[in-house]
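Enquirer: Contents of work-v4.csv (CSV, C-alpha atoms):
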chain,number,residue,atom,x,y,z
K,1,MET,CA,48.2,169.0,68.8
K,2,ILE,CA,51.7,167.8,68.1
K,3,GLU,CA,51.7,164.5,66.3
K,4,ARG,CA,53.6,161.8,68.2
K,5,THR,CA,56.2,160.0,66.0
K,6,LEU,CA,57.4,157.3,68.4
K,7,TYR,CA,55.2,154.4,67.1
K,8,GLY,CA,55.0,152.5,63.9
K,9,PRO,CA,52.2,150.4,62.5
K,10,ASP,CA,53.2,147.3,64.5
K,11,HIS,CA,53.2,149.3,67.7
K,12,GLU,CA,49.7,150.5,67.0
K,13,ALA,CA,48.5,147.0,66.1
K,14,PHE,CA,49.8,145.9,69.5
K,15,ARG,CA,48.0,148.8,71.2
K,16,ASP,CA,44.7,147.6,69.6
K,17,SER,CA,45.4,144.0,70.7
K,18,PHE,CA,46.2,145.0,74.3
K,19,ARG,CA,43.0,147.2,74.4
K,20,ARG,CA,41.0,144.2,73.5
K,21,PHE,CA,42.7,142.2,76.2
K,22,MET,CA,41.8,144.9,78.7
K,23,ASP,CA,38.2,145.1,77.5
K,24,ARG,CA,37.9,141.3,78.0
K,25,GLU,CA,40.0,140.4,81.0
K,26,ILE,CA,40.3,143.6,83.1
K,27,ALA,CA,37.5,146.1,82.5
K,28,PRO,CA,34.7,143.9,83.8
K,29,PHE,CA,36.5,143.0,87.0
K,30,HIS,CA,38.6,146.0,88.1
K,31,GLU,CA,35.9,147.6,90.3
K,32,ALA,CA,35.5,144.3,92.2
K,33,TRP,CA,39.3,144.0,92.5
K,34,GLU,CA,39.4,147.5,94.0
K,35,ASP,CA,36.8,146.4,96.6
K,36,GLN,CA,38.8,143.3,97.6
K,37,GLY,CA,42.2,145.0,97.5
K,38,TYR,CA,43.9,142.9,94.8
K,39,VAL,CA,43.5,141.6,91.3
K,40,ALA,CA,42.7,138.0,90.5
K,41,ARG,CA,45.7,135.9,90.1
K,42,GLU,CA,44.2,134.5,86.9
K,43,VAL,CA,44.8,137.8,85.1
K,44,TRP,CA,48.6,137.2,85.3
K,45,ARG,CA,48.3,133.8,83.7
K,46,LYS,CA,46.1,135.1,81.0
K,47,ALA,CA,48.4,138.0,80.3
K,48,GLY,CA,51.3,135.6,80.1
K,49,ALA,CA,49.4,133.2,77.8
K,50,ASN,CA,48.6,136.2,75.5
K,51,GLY,CA,52.2,137.4,75.4
K,52,PHE,CA,51.6,140.6,77.4
K,53,LEU,CA,54.3,140.0,80.1
K,54,CYS,CA,58.0,140.7,79.9
K,55,LEU,CA,57.7,142.0,76.3
K,56,SER,CA,61.3,143.2,76.1
K,57,LEU,CA,62.9,140.0,77.3
K,58,PRO,CA,64.8,138.0,74.7
K,59,GLU,CA,62.9,135.1,73.2
K,60,ALA,CA,65.4,132.7,74.7
K,61,TYR,CA,64.0,133.5,78.1
K,62,GLY,CA,60.4,133.4,77.2
K,63,GLY,CA,59.9,137.0,76.2
K,64,ALA,CA,58.9,138.6,73.0
K,65,GLY,CA,62.2,140.2,72.2
K,66,ALA,CA,60.3,143.5,71.5
K,67,ASP,CA,61.6,147.0,71.9
K,68,LEU,CA,60.7,149.0,75.0
K,69,LEU,CA,58.0,150.9,73.1
K,70,TYR,CA,55.6,148.0,73.5
K,71,SER,CA,55.9,148.2,77.2
K,72,VAL,CA,55.5,152.0,77.0
K,73,ILE,CA,52.2,151.4,75.2
K,74,GLN,CA,51.1,149.1,78.1
K,75,PHE,CA,51.8,151.7,80.7
K,76,GLU,CA,49.9,154.3,78.7
K,77,GLU,CA,46.9,152.2,78.1
K,78,LEU,CA,46.6,150.9,81.7
K,79,TRP,CA,46.9,154.4,83.2
K,80,ALA,CA,44.6,156.0,80.6
K,81,ARG,CA,41.9,153.5,81.6
K,82,GLY,CA,42.5,153.8,85.3
K,83,PHE,CA,43.5,150.1,85.7
K,84,THR,CA,46.0,150.9,88.3
K,85,GLY,CA,45.7,147.6,90.1
K,86,ILE,CA,47.6,145.8,87.3
K,87,GLY,CA,51.2,145.5,88.3
K,88,PHE,CA,52.6,144.3,85.0
K,89,GLY,CA,55.0,147.3,84.7
K,90,LEU,CA,57.0,146.5,87.8
K,91,HIS,CA,57.0,142.8,87.1
K,92,SER,CA,58.0,143.1,83.4
K,93,GLU,CA,60.1,146.2,83.3
K,94,ILE,CA,61.8,146.4,86.8
K,95,VAL,CA,62.0,142.8,88.2
K,96,ALA,CA,62.7,141.0,85.0
K,97,PRO,CA,65.4,143.5,83.8
K,98,TYR,CA,67.2,143.2,87.1
K,99,LEU,CA,67.5,139.5,86.5
K,100,LEU,CA,68.4,139.9,82.8
K,101,ARG,CA,71.1,142.5,83.4
K,102,TYR,CA,72.6,141.3,86.7
K,103,GLY,CA,71.6,137.7,87.1
K,104,THR,CA,73.7,134.6,86.6
K,105,GLU,CA,72.7,132.4,83.6
K,106,ALA,CA,71.3,129.8,86.1
K,107,GLN,CA,69.1,132.5,87.7
K,108,LYS,CA,67.9,133.7,84.3
K,109,GLN,CA,67.0,130.2,83.2
K,110,ARG,CA,65.2,129.5,86.5
K,111,TYR,CA,63.1,132.6,86.8
K,112,LEU,CA,62.7,134.6,83.6
K,113,PRO,CA,60.5,132.1,81.6
K,114,ARG,CA,58.2,131.7,84.6
K,115,LEU,CA,57.9,135.5,84.9
K,116,ALA,CA,57.1,135.8,81.2
K,117,SER,CA,54.4,133.1,81.4
K,118,GLY,CA,52.7,134.5,84.5
K,119,GLU,CA,53.5,131.4,86.4
K,120,MET,CA,55.5,133.6,88.8
K,121,VAL,CA,54.7,137.2,89.9
K,122,GLY,CA,57.7,139.4,90.7
K,123,ALA,CA,58.2,142.1,93.2
K,124,ILE,CA,61.1,144.2,94.5
K,125,ALA,CA,61.5,145.0,98.2
K,126,MET,CA,63.3,148.3,98.7
K,127,SER,CA,61.2,150.4,101.1
K,128,GLU,CA,61.3,149.8,104.8
K,129,PRO,CA,59.4,151.4,107.8
K,130,ALA,CA,62.4,153.7,108.2
K,131,ALA,CA,63.8,153.8,104.7
K,132,GLY,CA,61.9,155.0,101.7
K,133,SER,CA,63.5,157.4,99.2
K,134,ASP,CA,66.8,157.1,101.2
K,135,LEU,CA,67.9,153.6,100.2
K,136,GLN,CA,71.2,154.0,102.0
K,137,ALA,CA,69.2,153.8,105.2
K,138,VAL,CA,68.0,150.2,104.6
K,139,ARG,CA,68.4,148.2,107.8
K,140,SER,CA,67.6,144.7,106.5
K,141,THR,CA,70.7,142.5,106.7
K,142,ALA,CA,71.9,139.4,104.9
K,143,ILE,CA,75.0,138.2,106.8
K,144,LYS,CA,77.2,135.7,105.2
K,145,GLN,CA,77.8,132.4,107.0
K,146,ALA,CA,80.8,130.2,107.2
K,147,ASP,CA,79.4,127.9,104.5
K,148,GLY,CA,78.8,130.7,102.1
K,149,SER,CA,75.1,131.0,102.7
K,150,TYR,CA,73.3,134.1,104.1
K,151,ARG,CA,70.9,134.8,106.9
K,152,LEU,CA,68.4,137.4,105.9
K,153,ASN,CA,66.6,139.5,108.6
K,154,GLY,CA,64.4,142.6,108.2
K,155,SER,CA,61.1,143.9,107.1
K,156,LYS,CA,59.8,145.8,104.1
K,157,THR,CA,56.7,147.8,103.5
K,158,PHE,CA,54.7,149.4,100.6
K,159,ILE,CA,55.7,146.5,98.3
K,160,THR,CA,53.8,146.5,95.0
K,161,ASN,CA,52.7,143.0,93.9
K,162,GLY,CA,53.7,141.9,97.4
K,163,TRP,CA,50.6,139.8,98.1
K,164,HIS,CA,50.8,137.8,94.9
K,165,ALA,CA,54.6,137.7,94.7
K,166,ASP,CA,56.3,134.4,94.1
K,167,LEU,CA,59.7,136.0,93.6
K,168,VAL,CA,61.0,139.0,95.5
K,169,ILE,CA,64.2,140.9,94.9
K,170,VAL,CA,65.2,142.0,98.4
K,171,VAL,CA,67.6,144.9,99.1
K,172,ALA,CA,69.7,144.1,102.2
K,173,LYS,CA,73.0,145.0,103.7
K,174,THR,CA,75.7,142.4,103.4
K,175,ASN,CA,78.3,144.7,105.0
K,176,PRO,CA,76.3,147.0,107.2
K,177,ALA,CA,79.4,149.0,108.2
K,178,ALA,CA,80.0,150.0,104.6
K,179,GLY,CA,76.7,151.8,104.2
K,180,ALA,CA,75.5,152.0,100.6
K,181,LYS,CA,78.7,150.2,99.4
K,182,GLY,CA,77.7,147.2,101.5
K,183,THR,CA,74.3,146.6,99.8
K,184,SER,CA,73.3,143.5,97.9
K,185,LEU,CA,70.2,142.1,96.1
K,186,PHE,CA,68.8,138.7,96.9
K,187,LEU,CA,66.2,136.4,95.2
K,188,VAL,CA,63.7,135.1,97.7
K,189,GLU,CA,60.9,132.7,96.7
K,190,ARG,CA,57.5,132.3,98.1
K,191,GLY,CA,57.5,129.5,100.7
K,192,THR,CA,61.0,130.0,101.8
K,193,PRO,CA,61.1,129.3,105.6
K,194,GLY,CA,61.1,132.6,107.6
K,195,PHE,CA,59.7,134.6,104.7
K,196,GLU,CA,56.2,135.9,105.6
K,197,LYS,CA,53.8,138.3,104.1
K,198,GLY,CA,52.0,140.7,106.3
K,199,LYS,CA,48.6,142.3,105.7
K,200,ARG,CA,47.5,143.9,102.5
K,201,LEU,CA,47.8,147.6,103.0
K,202,LYS,CA,44.7,149.8,102.6
K,203,LYS,CA,45.6,152.9,100.6
K,204,LEU,CA,44.2,156.3,99.5
K,205,GLY,CA,44.4,155.1,95.9
K,206,LEU,CA,45.6,152.2,93.8
K,207,LYS,CA,43.0,150.2,95.7
K,208,ALA,CA,43.3,147.1,93.5
K,209,GLN,CA,47.0,147.0,93.7
K,210,ASP,CA,48.2,144.3,96.2
K,211,THR,CA,50.5,146.4,98.3
K,212,SER,CA,51.9,144.4,101.2
K,213,GLU,CA,54.3,144.2,104.1
K,214,LEU,CA,57.0,141.5,103.9
K,215,PHE,CA,58.9,140.0,106.8
K,216,PHE,CA,62.2,138.1,106.8
K,217,ASN,CA,63.0,136.3,110.0
K,218,ASP,CA,66.3,134.5,110.0
K,219,VAL,CA,65.8,133.4,106.4
K,220,HIS,CA,68.4,130.9,105.2
K,221,LEU,CA,69.5,131.7,101.7
K,222,PRO,CA,72.0,129.7,99.7
K,223,ALA,CA,74.8,131.5,97.9
K,224,GLU,CA,72.9,131.0,94.7
K,225,ALA,CA,70.2,133.4,96.0
K,226,LEU,CA,72.6,136.4,95.7
K,227,LEU,CA,71.5,138.2,92.5
K,228,GLY,CA,74.4,137.9,90.1
K,229,GLY,CA,76.5,135.6,92.3
K,230,ALA,CA,79.6,136.6,94.2
K,231,ALA,CA,80.6,139.2,91.5
K,232,GLN,CA,77.6,141.3,92.6
K,233,GLU,CA,78.0,141.1,96.3
K,234,ASN,CA,78.0,144.6,97.8
K,235,ARG,CA,77.1,146.1,94.4
K,236,GLY,CA,73.4,146.3,95.0
K,237,PHE,CA,73.2,150.1,95.4
K,238,VAL,CA,75.0,150.5,92.1
K,239,CYS,CA,72.5,148.3,90.4
K,240,LEU,CA,69.6,150.2,91.9
K,241,MET,CA,71.0,153.5,90.7
K,242,GLU,CA,71.5,152.2,87.2
K,243,GLN,CA,67.9,151.1,86.9
K,244,LEU,CA,66.2,154.1,88.6
K,245,PRO,CA,66.0,156.3,85.4
K,246,TRP,CA,63.8,153.8,83.6
K,247,GLU,CA,61.7,153.3,86.7
K,248,ARG,CA,61.2,157.0,87.1
K,249,LEU,CA,60.4,157.4,83.4
K,250,GLN,CA,57.7,154.8,83.8
K,251,ILE,CA,56.0,157.0,86.4
K,252,ALA,CA,56.1,159.9,84.0
K,253,ILE,CA,54.7,157.9,81.2
K,254,GLY,CA,51.7,156.9,83.3
K,255,ALA,CA,51.3,160.4,84.7
K,256,VAL,CA,50.9,162.0,81.2
K,257,ALA,CA,48.6,159.2,79.9
K,258,ALA,CA,46.3,159.5,82.9
K,259,SER,CA,46.3,163.3,82.7
K,260,GLN,CA,45.3,163.3,79.0
K,261,SER,CA,42.6,160.7,79.5
K,262,ILE,CA,41.0,162.7,82.3
K,263,ILE,CA,41.1,165.9,80.3
K,264,ASP,CA,39.4,164.1,77.4
K,265,GLN,CA,36.7,162.7,79.8
K,266,THR,CA,36.2,166.1,81.4
K,267,VAL,CA,35.8,167.8,78.0
K,268,ALA,CA,33.0,165.3,77.2
K,269,TYR,CA,31.4,165.9,80.6
K,270,VAL,CA,31.3,169.7,80.5
K,271,LYS,CA,29.7,169.6,77.1
K,272,GLU,CA,26.8,167.7,78.5
K,273,ARG,CA,26.5,169.0,82.1
K,274,GLN,CA,24.1,172.0,82.3
K,275,VAL,CA,24.4,174.8,84.9
K,276,PHE,CA,22.0,177.8,84.8
K,277,GLY,CA,20.7,176.6,81.5
K,278,ARG,CA,24.1,176.4,79.8
K,279,PRO,CA,26.7,173.6,79.4
K,280,VAL,CA,29.5,173.9,81.9
K,281,GLY,CA,31.8,174.0,78.9
K,282,ALA,CA,30.3,177.2,77.7
K,283,TYR,CA,31.6,179.2,80.6
K,284,GLN,CA,34.9,181.0,80.0
K,285,ASN,CA,36.4,179.8,83.2
K,286,THR,CA,35.9,176.2,82.1
K,287,ARG,CA,37.2,176.7,78.6
K,288,TYR,CA,40.3,178.6,79.7
K,289,LYS,CA,41.1,176.2,82.5
K,290,LEU,CA,40.9,173.2,80.2
K,291,ALA,CA,43.0,175.1,77.6
K,292,GLU,CA,45.7,175.7,80.3
K,293,LEU,CA,45.7,172.1,81.4
K,294,GLN,CA,45.9,170.8,77.8
K,295,THR,CA,48.8,173.0,77.0
K,296,GLU,CA,50.8,171.8,80.0
K,297,VAL,CA,50.0,168.1,79.3
K,298,GLN,CA,51.0,168.7,75.6
K,299,VAL,CA,54.4,170.1,76.8
K,300,ALA,CA,54.8,167.2,79.2
K,301,GLN,CA,54.0,164.7,76.4
K,302,VAL,CA,56.7,166.1,74.1
K,303,PHE,CA,59.3,166.1,76.9
K,304,VAL,CA,58.4,162.5,78.0
K,305,ASP,CA,58.6,161.3,74.4
K,306,LYS,CA,62.0,162.8,74.1
K,307,CYS,CA,63.0,161.0,77.3
K,308,ILE,CA,61.7,157.7,75.8
K,309,GLU,CA,63.8,158.3,72.7
K,310,LEU,CA,66.9,158.8,74.9
K,311,LEU,CA,66.1,155.7,76.8
K,312,MET,CA,65.9,153.7,73.6
K,313,VAL,CA,69.5,154.6,72.8
K,314,GLU,CA,70.6,154.3,76.4
K,315,LYS,CA,71.3,158.0,76.8
K,316,LEU,CA,68.6,158.8,79.5
K,317,ASP,CA,70.5,160.2,82.5
K,318,THR,CA,69.4,160.3,86.1
K,319,ALA,CA,68.8,164.0,86.3
K,320,THR,CA,66.6,164.1,83.2
K,321,ALA,CA,64.5,161.2,84.3
K,322,SER,CA,64.1,162.9,87.7
K,323,MET,CA,62.9,166.0,86.0
K,324,ALA,CA,60.3,164.0,84.1
K,325,LYS,CA,59.2,162.1,87.1
K,326,TYR,CA,58.7,165.1,89.4
K,327,TRP,CA,57.2,167.5,86.9
K,328,THR,CA,54.7,165.2,85.3
K,329,SER,CA,53.5,163.8,88.6
K,330,ASP,CA,53.0,167.3,90.0
K,331,LEU,CA,51.1,168.1,86.8
K,332,GLN,CA,49.1,164.9,87.1
K,333,CYS,CA,47.9,165.9,90.6
K,334,LYS,CA,47.1,169.4,89.3
K,335,VAL,CA,45.1,168.1,86.3
K,336,MET,CA,43.1,165.7,88.5
K,337,ASP,CA,42.3,168.3,91.0
K,338,GLU,CA,41.1,170.9,88.4
K,339,CYS,CA,39.1,168.3,86.4
K,340,LEU,CA,37.5,167.0,89.6
K,341,GLN,CA,36.4,170.6,90.4
K,342,LEU,CA,34.8,170.9,86.9
K,343,HIS,CA,32.8,167.8,87.7
K,344,GLY,CA,31.3,169.5,90.7
K,345,GLY,CA,29.6,167.2,93.3
K,346,TYR,CA,29.9,164.2,90.9
K,347,GLY,CA,33.7,164.6,91.0
K,348,PHE,CA,33.5,163.5,94.7
K,349,MET,CA,31.6,160.2,93.8
K,350,TRP,CA,33.7,157.1,93.6
K,351,GLU,CA,31.9,155.7,90.5
K,352,TYR,CA,33.3,158.6,88.4
K,353,PRO,CA,36.7,157.9,86.8
K,354,VAL,CA,38.0,161.4,87.7
K,355,THR,CA,37.5,160.6,91.4
K,356,ARG,CA,39.5,157.4,91.3
K,357,ALA,CA,42.1,159.1,89.1
K,358,TYR,CA,42.4,161.9,91.7
K,359,ALA,CA,43.1,159.3,94.4
K,360,ASP,CA,45.5,157.2,92.3
K,361,ALA,CA,47.6,160.2,91.3
K,362,ARG,CA,48.7,161.3,94.7
K,363,VAL,CA,51.3,158.5,95.3
K,364,GLN,CA,53.1,159.3,92.0
K,365,ARG,CA,54.8,162.2,93.8
K,366,ILE,CA,56.1,159.8,96.5
K,367,TYR,CA,57.2,156.5,95.1
K,368,GLY,CA,60.2,156.1,92.9
K,369,GLY,CA,61.8,158.7,95.1
K,370,THR,CA,59.8,161.7,96.4
K,371,ASN,CA,59.7,164.8,94.2
K,372,GLU,CA,61.7,166.6,96.8
K,373,ILE,CA,64.5,164.0,96.3
K,374,MET,CA,64.1,164.4,92.5
K,375,LYS,CA,64.9,168.1,92.9
K,376,GLU,CA,67.9,167.2,95.0
K,377,VAL,CA,69.2,164.9,92.3
K,378,ILE,CA,68.7,167.7,89.7
K,379,THR,CA,70.6,170.3,91.7
K,380,ARG,CA,73.5,167.9,92.2
K,381,ALA,CA,73.7,167.4,88.4
K,382,MET,CA,73.7,171.2,88.1
K,383,GLY,CA,76.8,171.4,90.3
K,384,LEU,CA,75.0,173.3,93.1
K,385,PRO,CA,76.4,172.9,96.6
K,386,GLY,CA,74.3,170.7,98.9
K,387,ARG,CA,74.4,169.2,102.3
Written as structure tokens, how would this file's structure read?

Expert:
Amino acid sequence: MIERTLYGPDHEAFRDSFRRFMDREIAPFHEAWEDQGYVAREVWRKAGANGFLCLSLPEAYGGAGADLLYSVIQFEELWARGFTGIGFGLHSEIVAPYLLRYGTEAQKQRYLPRLASGEMVGAIAMSEPAAGSDLQAVRSTAIKQADGSYRLNGSKTFITNGWHADLVIVVAKTNPAAGAKGTSLFLVERGTPGFEKGKRLKKLGLKAQDTSELFFNDVHLPAEALLGGAAQENRGFVCLMEQLPWERLQIAIGAVAASQSIIDQTVAYVKERQVFGRPVGAYQNTRYKLAELQTEVQVAQVFVDKCIELLMVEKLDTATASMAKYWTSDLQCKVMDECLQLHGGYGFMWEYPVTRAYADARVQRIYGGTNEIMKEVITRAMGLPGR
């Protein structure tokens, strides 16, 4: 296999440390969290106390000031172990970077240290019942009042970390007539009058992830709740587009890590499982199928590693990130399906990791922009005519 060259000794030491944390604080409980539909709040505080949240944040705001590779390692390890209920990635590498990049100094000081410590859990509310991949179709509004405050109304759905969230970045139209150019981002705290959380949503996979509906009914927000202040009013769509390549690459990183992990587990299984007096792995169909899957995952890993390198020097473009997201998530679903088949009837049993990995993989082709939208983004970058 091609040796990966992204990581140095300090990165690998961090990987070992995070694995020990998972063994101690996540592995014994994740199955129970799947049953109840959300992880224990305490795991957030423990992660913060151990320095495992907001790793790339500057130390001045409570982070570790580490490079993004440390967060990449977290994504890889969580997906490889199937700990998909843990929403650290969205919290640390989507919510916190929005604040760091676009927030006012007062907003950074107020929220970032609390996100880094695990005192607050962060979420971002984009999707709505009638607006998923098409963010221009968002109907939530935040209408400016005479005193400079805003009135927020609308509903959101499929919100990761929604049940635990103490701070939500809400996408809303401040100038509905302007379409995408009238979109802004708002910071809404738990307990704000008019902000209510709906039921935790029951899903095909990601069963320990606290995905929720959120409702905003005539929520009064001071001017200071507009992310970035007056300078960022009506610039929300631009901010969203700037951050989407990193979000989509995160999906690709998890897809490859999960795929490789399940291939490794399946190899071990087919060596032991006997059919007609021979190990399943002794049959040519099994060996060739695993060879094909391993080849495709190896290709995917090399491509994703190159994307990570581009991200590190701020050269990852939207089209390339879209390629990574769509291709690796399609591949992830293929790998899970083929490996489940090689497990036979046991592959249909929930206690087997391949079964849960199969269920968890399916949403990867949907969130972060559906794979059909990814192809549309790629064709536009190619200069092909569209609608």

Enquirer: Restricting the calculation to all atoms listed in the file, which member of K:Ala47, K:Tyr367, K:Ser92, K:Arg287 is positioned closest to Ser17 in chain K?

Expert: K:Ala47

Enquirer: Would you kindly return, as a compact mmCIF listing (two decimals) with C-alpha atoms, keeping the file's coordinate frame, each protein, DNA or RNA residue with an atom no farther than 10 Å from any atom of Arg81 in chain K, considering only C-alpha atoms and excluding same-chain residues fewer than 6 positions away?

Expert:
# COMPACT_ATOMS: atom_id res chain seq x y z
CA ARG K 19 43.00 147.20 74.40
CA MET K 22 41.80 144.90 78.70
CA ALA K 27 37.50 146.10 82.50
CA ALA K 257 48.60 159.20 79.90
CA ALA K 258 46.30 159.50 82.90
CA SER K 261 42.60 160.70 79.50
CA ILE K 262 41.00 162.70 82.30
CA PRO K 353 36.70 157.90 86.80
CA ALA K 357 42.10 159.10 89.10

Enquirer: Any idea what's packed within 8 Å of range 222-225 of chain K, counting all atoms listed in the file, ignoring anything in its chain fewer than 4 positions away? Could you give it as an mmCIF file with C-alpha atoms, in the coordinates of the input?

Expert:
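So the final result, stored in part39.cif, reads:
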data_model
loop_
_atom_site.group_PDB
_atom_site.id
_atom_site.type_symbol
_atom_site.label_atom_id
_atom_site.label_comp_id
_atom_site.auth_asym_id
_atom_site.auth_seq_id
_atom_site.Cartn_x
_atom_site.Cartn_y
_atom_site.Cartn_z
ATOM 1 C CA GLY K 148 78.800 130.700 102.100
ATOM 2 C CA SER K 149 75.100 131.000 102.700
ATOM 3 C CA TYR K 150 73.300 134.100 104.100
ATOM 4 C CA PHE K 186 68.800 138.700 96.900
ATOM 5 C CA LEU K 187 66.200 136.400 95.200
ATOM 6 C CA VAL K 188 63.700 135.100 97.700
ATOM 7 C CA GLY K 229 76.500 135.600 92.300
ATOM 8 C CA ALA K 230 79.600 136.600 94.200
#

Enquirer: Have a look at K:Ala142, K:Ile263, K:Met382, K:Met349 and name the one nearest to Ala80 in chain K; count only C-alpha atoms.

Expert: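 Nearest to Ala80 in chain K: K:Ile263.
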
Enquirer: Applying 12 Å and all atoms listed in the file, which residues near Gly194 in chain K remain after dropping the ones on its own chain fewer than 6 positions away? List them as an MDAnalysis selection string.

Expert: chainID K and resid 151:155 188 214:221
